[in-house]
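Engineer: This is the structure, below, for whatever I ask next.
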Amino acid sequence: MASVSSSPRTVEEIFKDYSARRGGIVRALTDDVDEFYGLCDPEKDNLCLYGHSNETWEVNLPAEEVPPELPEPALGINFARDGMTRRDWLSLIAVHSDCWLLSVAFYLGARLNRNERKRLFSLINDLPTVFEVVTERKPVKDKPTADNGSRSRGSKKRSSDGQVKSTPKLADEGYEEEDDEHSETLCGSCGGNYDADEFWIGCDICERWFHGKCVKITPAKAENIKQYKCPSCTKRNRQ
């Protein structure tokens, strides 16, 4: 059912395929929701929601061949239709659709290398999920990470006593929390104010914080540092 007319191979081609399939599914669950709801008759056999690479959608039976050409969506989406509120049912379909879209994208990207897979996920992650669109949920405020080539919002590293030390702002805090408590933190090198969208690292000796760029430490390097000493402390220890 979810066939590939011309097999995408590059990151850009796979992302274009993902975006088109996602667009079709979003349309089914929003603009065409009445039509979609009517097609999902619980009296019918196992039905699936497919998004196609031409931005259309389809409710149909799963592919007969085993294994199928592409990963299959969740089976039997129609069976729970009348046992849940319409909103909850659509939210459930949206979650399963997000899982299917990712599985198709990474199935097509099986031959990509590590950096290409990171870039593909970064592109995908810049779009709201189907679930977020359907539930009108406000996405989490962007917190770029080192994995997508952006500046890290924060870093965790181990201090000499074995405990995890974190930057002033952790990446897993709530949707709307602000950075007021760290607004007065200054870089020990340039004296600049704390910026939650930049990568910072703390010295385990003097406990001052520094912009990663000021001390030439990247998030990737920080992961491999058991005890970080800032340039001043390093110089002091050598004297």
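In the structure tokens, the first chain shown is A, the next is B, and so on; residue numbers restart at 1 for each chain, and ligands run from 1 in the order shown.
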Mind checking which residues fall within 8 Å of region 51-67 of chain A, counting only C-alpha atoms, ignoring those fewer than 5 positions away in the same chain, and posting them as a ChimeraX atom specification?
Structural biologist: /A:1-4,17-18,20-25,27-28,36,39-40,45-46,72,75
Engineer: How many Å lie between CA of Leu49 (chain A) and CA of Leu112 (chain A), rounded to one decimal?
Structural biologist: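 Result for CA of Leu49 (chain A) versus CA of Leu112 (chain A): 27.0 Å, one decimal.
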Engineer: Go ahead and compute the interatomic distance for CA of Ala110 (chain A) and CA of Pro71 (chain A), in Å to one decimal.
Structural biologist: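 Spanning CA of Ala110 (chain A) to CA of Pro71 (chain A) is a straight-line distance of 12.7 Å.
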Engineer: One decimal, Å: what's the distance from CA of Ile93 (chain A) over to CA of Asp34 (chain A), could you say?
Structural biologist: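 Rounded to one decimal, the two atoms are 14.3 Å apart.
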Engineer: Assign secondary structure with DSSP using the backbone only, and return the residues of region 9-77 of chain A in strand (DSSP E) as a ChimeraX atom specification.
Structural biologist: /A:48-51,57-60
Engineer: Identify, on the basis of only C-alpha atoms, every residue whose closest approach to Leu123 (chain A) does not exceed 8 Å; exclude the query and any residue fewer than 4 positions from it along the same chain; express the result as a PDB file with C-alpha atoms, in the first residue's frame.
Structural biologist:
```pdb
ATOM      1  CA  PHE A  15      13.011  13.954   4.126  1.00  0.00           C
ATOM      2  CA  ARG A 119      20.960  15.183   9.773  1.00  0.00           C
ATOM      3  CA  LEU A 127       8.602  19.698  12.117  1.00  0.00           C
TER       4      LEU A 127
END
```
Engineer: At a cut-off of 10 Å, can you tabulate as CSV every residue of region 98-145 of chain A near region 85-90 of chain A together with its closest atom pair and the distance in Å to one decimal, using only C-alpha atoms and ordering rows by chain then number?
Structural biologist:
```
residue,atom,partner,partner_atom,distance
A:Phe131,CA,A:Leu90,CA,8.7
A:Val134,CA,A:Leu90,CA,7.4
A:Thr135,CA,A:Arg87,CA,8.0
```
Engineer: Residues of the last selection are to be written out with N, CA, C and O atoms, as a tab-separated table (two decimals), in the first residue's frame.
Structural biologist:
```tsv
chain	number	residue	atom	x	y	z
A	131	PHE	N	1.01	14.18	16.20
A	131	PHE	CA	0.31	14.26	17.48
A	131	PHE	C	0.18	15.71	17.95
A	131	PHE	O	-0.88	16.13	18.42
A	134	VAL	N	-2.46	17.47	15.73
A	134	VAL	CA	-3.84	17.00	15.97
A	134	VAL	C	-4.36	17.48	17.32
A	134	VAL	O	-5.52	17.87	17.45
A	135	THR	N	-3.51	17.45	18.33
A	135	THR	CA	-3.95	17.84	19.68
A	135	THR	C	-3.75	19.33	19.95
A	135	THR	O	-4.09	19.81	21.02
```
